[in-house]
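Data first, discussion second: the structure below is written as structure tokens.
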Amino acid sequence: MPQRKSEMTLITDPLFYFIAIPVTLIIGISKGGFAGSLGILSVPLISLVISPIQAAAIVLPILCVMDIFGLIAYRRKADWRNLFYLLPGAIFGILVGYLLFNHLSTDVIKILLGGICVVFTLNQYLRKQRSDVRAGRSLVKGSLWGSVAGFTSFVAHAGGPPVQFYMLPQRIDKTLFVGTSVWFFFVINYVKLIPYTLLGQFSSENLGTSLVLLPLAPIGIWLGIKLHKIVPEDIFYRIAYILVLMTGAKLLWDGLRGMGVLF
């Protein structure tokens, strides 16, 4: 009787792991201590060696595991009203992403998201917003940015900047800010498992590769939590704005180059 081949496979290209291992650690650090600011870079960076669609499918199970560790650390820290405003819109954005999945241009999405990141961050600096000026919670703004976050998170796990656009001007306590983000992405990442499964994104190769990278998830989260406790609140917000600007510039560059505008 012939032996059955193992159904689980994985990517074997060393270059993939050369990029994916540090990226996975960076995502964990970002989710554990900086509200997911650098998570937006995961798919673009891994897409240097594989397709963006495959990169997103490999990263999602890792994000879901990280979310559990993040939730353990921040389970009692969240702005529940902000979550109430953000989550319904986010689920709607995921639905839109699912319906448009086969018609999306990756480069156009990168350009739109990158442009929003850059414009928002530059606007904060040009206005020289004082630290004591706060924006209040808003159902309309929360629903709008939640929808954008759900859509961009579905497409490329890039929901961090829209959430930051809504929450950073509120100038809430940094631990409450991170905890709210952890709860938000815990919910939407697990919701995304449904459409990703329906679209056939979890092939044996993708899942096998995710399993190889999974042990890095708690390590990254732990490092992020440690850094979060060390970095003062003032510096935290400066870092957050800088990270948004950096990720926006990266997405703009990739999108414009992909469309042939830049060489």
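Letters for chains follow the order of the structure tokens (A, B, ...), residue numbers begin at 1 for each chain, and ligand numbers begin at 1 in the order shown.
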
For this session: Mind checking which residues fall within 12 Å of Thr197 (chain A), counting only C-alpha atoms, ignoring those fewer than 2 positions away in the same chain, and posting them as a list of chain:residue names?
Result: A:Ala57, A:Leu60, A:Pro61, A:Tyr98, A:Tyr190, A:Val191, A:Lys192, A:Leu193, A:Ile194, A:Pro195, A:Leu199, A:Gly200, A:Gln201, A:Phe202, A:Ser203, A:Asn206, A:Leu207

Writing out the chosen residues with C-alpha atoms as a PDB file, in the first residue's frame:
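Writing the result to selection_22.pdb gives the following:
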```
ATOM      1  CA  ALA A  57      -3.096  34.744   4.245  1.00  0.00           C
ATOM      2  CA  LEU A  60      -3.552  36.416   9.517  1.00  0.00           C
ATOM      3  CA  PRO A  61      -3.284  33.261  11.720  1.00  0.00           C
ATOM      4  CA  TYR A  98     -14.741  40.503   0.732  1.00  0.00           C
ATOM      5  CA  TYR A 190     -11.129  36.715  14.010  1.00  0.00           C
ATOM      6  CA  VAL A 191     -14.018  38.003  11.887  1.00  0.00           C
ATOM      7  CA  LYS A 192     -11.656  38.030   8.873  1.00  0.00           C
ATOM      8  CA  LEU A 193     -11.054  34.304   9.275  1.00  0.00           C
ATOM      9  CA  ILE A 194     -14.537  33.673   7.834  1.00  0.00           C
ATOM     10  CA  PRO A 195     -14.162  35.482   4.467  1.00  0.00           C
ATOM     11  CA  LEU A 199     -12.046  32.702  -0.498  1.00  0.00           C
ATOM     12  CA  GLY A 200      -9.770  29.661  -0.145  1.00  0.00           C
ATOM     13  CA  GLN A 201      -6.853  31.634   1.272  1.00  0.00           C
ATOM     14  CA  PHE A 202      -5.766  29.005   3.800  1.00  0.00           C
ATOM     15  CA  SER A 203      -3.951  26.513   1.608  1.00  0.00           C
ATOM     16  CA  ASN A 206       0.076  29.004   3.765  1.00  0.00           C
ATOM     17  CA  LEU A 207      -1.030  27.337   7.005  1.00  0.00           C
TER      18      LEU A 207
END
```

For this session: Check the DSSP output for the backbone and give back, as a PyMOL selection string, the residues of region 51-123 of chain A in alpha helix (DSSP H).
Result: chain A and resi 52-74+80-99+106-123

Written selection (C-alpha atoms) as a PDB file, in the first residue's frame:
```pdb
ATOM      1  CA  PRO A  52       0.562  40.165  -1.409  1.00  0.00           C
ATOM      2  CA  ILE A  53      -2.444  37.809  -1.368  1.00  0.00           C
ATOM      3  CA  GLN A  54      -0.365  34.898  -0.069  1.00  0.00           C
ATOM      4  CA  ALA A  55       1.435  37.189   2.393  1.00  0.00           C
ATOM      5  CA  ALA A  56      -1.877  38.345   3.877  1.00  0.00           C
ATOM      6  CA  ALA A  57      -3.096  34.744   4.245  1.00  0.00           C
ATOM      7  CA  ILE A  58       0.102  33.655   6.031  1.00  0.00           C
ATOM      8  CA  VAL A  59       0.117  36.632   8.390  1.00  0.00           C
ATOM      9  CA  LEU A  60      -3.552  36.416   9.517  1.00  0.00           C
ATOM     10  CA  PRO A  61      -3.284  33.261  11.720  1.00  0.00           C
ATOM     11  CA  ILE A  62      -0.160  34.741  13.329  1.00  0.00           C
ATOM     12  CA  LEU A  63      -2.040  37.963  14.069  1.00  0.00           C
ATOM     13  CA  CYS A  64      -4.876  35.977  15.630  1.00  0.00           C
ATOM     14  CA  VAL A  65      -2.466  34.220  18.000  1.00  0.00           C
ATOM     15  CA  MET A  66      -0.789  37.531  18.856  1.00  0.00           C
ATOM     16  CA  ASP A  67      -4.201  39.001  19.598  1.00  0.00           C
ATOM     17  CA  ILE A  68      -4.777  36.382  22.294  1.00  0.00           C
ATOM     18  CA  PHE A  69      -1.512  37.244  24.038  1.00  0.00           C
ATOM     19  CA  GLY A  70      -2.254  40.951  23.654  1.00  0.00           C
ATOM     20  CA  LEU A  71      -5.705  40.479  25.128  1.00  0.00           C
ATOM     21  CA  ILE A  72      -4.262  38.676  28.164  1.00  0.00           C
ATOM     22  CA  ALA A  73      -2.003  41.660  28.804  1.00  0.00           C
ATOM     23  CA  TYR A  74      -4.620  44.385  28.184  1.00  0.00           C
ATOM     24  CA  TRP A  80     -15.491  50.682  25.439  1.00  0.00           C
ATOM     25  CA  ARG A  81     -17.350  53.631  23.911  1.00  0.00           C
ATOM     26  CA  ASN A  82     -14.692  53.999  21.228  1.00  0.00           C
ATOM     27  CA  LEU A  83     -14.961  50.281  20.495  1.00  0.00           C
ATOM     28  CA  PHE A  84     -18.741  50.620  20.249  1.00  0.00           C
ATOM     29  CA  TYR A  85     -18.274  53.372  17.661  1.00  0.00           C
ATOM     30  CA  LEU A  86     -15.507  51.621  15.677  1.00  0.00           C
ATOM     31  CA  LEU A  87     -16.475  47.946  15.440  1.00  0.00           C
ATOM     32  CA  PRO A  88     -19.780  48.035  13.481  1.00  0.00           C
ATOM     33  CA  GLY A  89     -18.142  50.130  10.758  1.00  0.00           C
ATOM     34  CA  ALA A  90     -15.118  47.817  10.735  1.00  0.00           C
ATOM     35  CA  ILE A  91     -17.262  44.742  10.131  1.00  0.00           C
ATOM     36  CA  PHE A  92     -18.991  46.596   7.289  1.00  0.00           C
ATOM     37  CA  GLY A  93     -15.560  47.445   5.823  1.00  0.00           C
ATOM     38  CA  ILE A  94     -14.543  43.767   5.975  1.00  0.00           C
ATOM     39  CA  LEU A  95     -17.723  42.825   4.107  1.00  0.00           C
ATOM     40  CA  VAL A  96     -16.953  45.396   1.396  1.00  0.00           C
ATOM     41  CA  GLY A  97     -13.410  44.042   1.090  1.00  0.00           C
ATOM     42  CA  TYR A  98     -14.741  40.503   0.732  1.00  0.00           C
ATOM     43  CA  LEU A  99     -17.216  41.498  -1.993  1.00  0.00           C
ATOM     44  CA  THR A 106      -3.224  46.282  -4.772  1.00  0.00           C
ATOM     45  CA  ASP A 107      -1.298  49.305  -6.019  1.00  0.00           C
ATOM     46  CA  VAL A 108      -4.309  51.623  -5.875  1.00  0.00           C
ATOM     47  CA  ILE A 109      -5.053  50.502  -2.299  1.00  0.00           C
ATOM     48  CA  LYS A 110      -1.450  51.190  -1.285  1.00  0.00           C
ATOM     49  CA  ILE A 111      -1.556  54.666  -2.852  1.00  0.00           C
ATOM     50  CA  LEU A 112      -4.850  55.604  -1.177  1.00  0.00           C
ATOM     51  CA  LEU A 113      -3.819  54.350   2.245  1.00  0.00           C
ATOM     52  CA  GLY A 114      -0.316  55.782   1.980  1.00  0.00           C
ATOM     53  CA  GLY A 115      -1.694  59.160   0.936  1.00  0.00           C
ATOM     54  CA  ILE A 116      -4.054  59.249   3.912  1.00  0.00           C
ATOM     55  CA  CYS A 117      -1.195  58.385   6.286  1.00  0.00           C
ATOM     56  CA  VAL A 118       1.107  61.101   4.959  1.00  0.00           C
ATOM     57  CA  VAL A 119      -1.544  63.840   4.763  1.00  0.00           C
ATOM     58  CA  PHE A 120      -2.847  63.111   8.259  1.00  0.00           C
ATOM     59  CA  THR A 121       0.594  63.109   9.880  1.00  0.00           C
ATOM     60  CA  LEU A 122       1.806  66.244   8.119  1.00  0.00           C
ATOM     61  CA  ASN A 123      -1.431  67.973   9.099  1.00  0.00           C
TER      62      ASN A 123
END
```

Problem set entry | Residue among A:Leu214, A:Val49, A:Ile40, A:Ala249 lying closest to Gly159 (chain A), counting only C-alpha atoms |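 Of A:Leu214, A:Val49, A:Ile40, A:Ala249, the one nearest Gly159 (chain A) is A:Ile40, counting only C-alpha atoms.
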
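Proximity of A:Leu216, A:Val231, A:Ser51, A:Asp79 to Phe16 (chain A), computed with only C-alpha atoms, is greatest for A:Ser51.
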
Test item: residues at most 10 Å from Val178 (chain A), only C-alpha atoms, excluding those fewer than 6 positions along its chain, as a short mmCIF file (atom, residue, chain, number, x, y, z; two decimals) with N, CA and C atoms, in the first residue's frame:
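And here is the file that came out, result.cif:
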```cif
data_model
loop_
_atom_site.label_atom_id
_atom_site.label_comp_id
_atom_site.auth_asym_id
_atom_site.auth_seq_id
_atom_site.Cartn_x
_atom_site.Cartn_y
_atom_site.Cartn_z
N SER A 30 4.99 45.72 17.87
CA SER A 30 4.05 46.80 17.58
C SER A 30 2.70 46.56 18.25
N LYS A 31 2.18 45.33 18.15
CA LYS A 31 0.88 45.02 18.74
C LYS A 31 0.94 45.03 20.27
N GLY A 32 2.09 44.61 20.83
CA GLY A 32 2.21 44.53 22.27
C GLY A 32 2.45 45.86 22.95
N GLY A 33 3.01 46.83 22.22
CA GLY A 33 3.36 48.07 22.90
C GLY A 33 3.03 49.35 22.19
N PHE A 34 2.71 49.29 20.88
CA PHE A 34 2.53 50.53 20.14
C PHE A 34 1.28 50.52 19.26
N ALA A 35 0.24 49.84 19.74
CA ALA A 35 -1.09 49.86 19.12
C ALA A 35 -1.07 49.40 17.67
N GLY A 36 -0.13 48.53 17.30
CA GLY A 36 -0.12 47.97 15.96
C GLY A 36 0.41 48.88 14.88
N GLY A 70 -2.02 39.53 23.39
CA GLY A 70 -2.25 40.95 23.65
C GLY A 70 -3.46 41.16 24.55
N TYR A 74 -3.84 43.14 28.12
CA TYR A 74 -4.62 44.39 28.18
C TYR A 74 -6.13 44.12 28.34
N LYS A 77 -8.10 46.86 29.93
CA LYS A 77 -7.77 48.22 29.49
C LYS A 77 -8.38 48.48 28.11
N ALA A 78 -9.48 49.20 28.07
CA ALA A 78 -10.10 49.53 26.80
C ALA A 78 -11.08 50.68 26.98
N ASP A 79 -11.22 51.50 25.95
CA ASP A 79 -12.23 52.55 25.93
C ASP A 79 -13.44 51.94 25.22
N ILE A 172 -5.88 60.12 24.69
CA ILE A 172 -6.19 59.30 25.85
C ILE A 172 -4.91 58.66 26.39
N PHE A 184 -9.87 45.91 19.57
CA PHE A 184 -10.42 46.15 18.23
C PHE A 184 -9.90 45.12 17.23
N HIS A 228 6.66 49.19 25.99
CA HIS A 228 5.53 50.08 26.31
C HIS A 228 5.67 50.65 27.72
#
```

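Candidate residues A:Val212, A:Ile219, A:Ile235, A:Ile230 were compared for distance to Thr9 (chain A), and the nearest is A:Val212, using only C-alpha atoms.
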
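Closest approach to Leu245 (chain A) among A:Leu211, A:Leu41, A:Ile46, A:Gln170 is made by A:Leu41 (distances from only C-alpha atoms).
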
Seminar exercise, completed: With distances taken over only C-alpha atoms, the candidate from A:Pro232, A:Gly224, A:Gly208, A:Pro14 nearest Gly28 (chain A) is A:Gly224

Exercise. So what do you get for CA of Lys226 (chain A) versus CA of Asp173 (chain A), distance-wise?
Worked result: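 Answer for the CA of Lys226 (chain A) to CA of Asp173 (chain A) separation: 16.9 Å.
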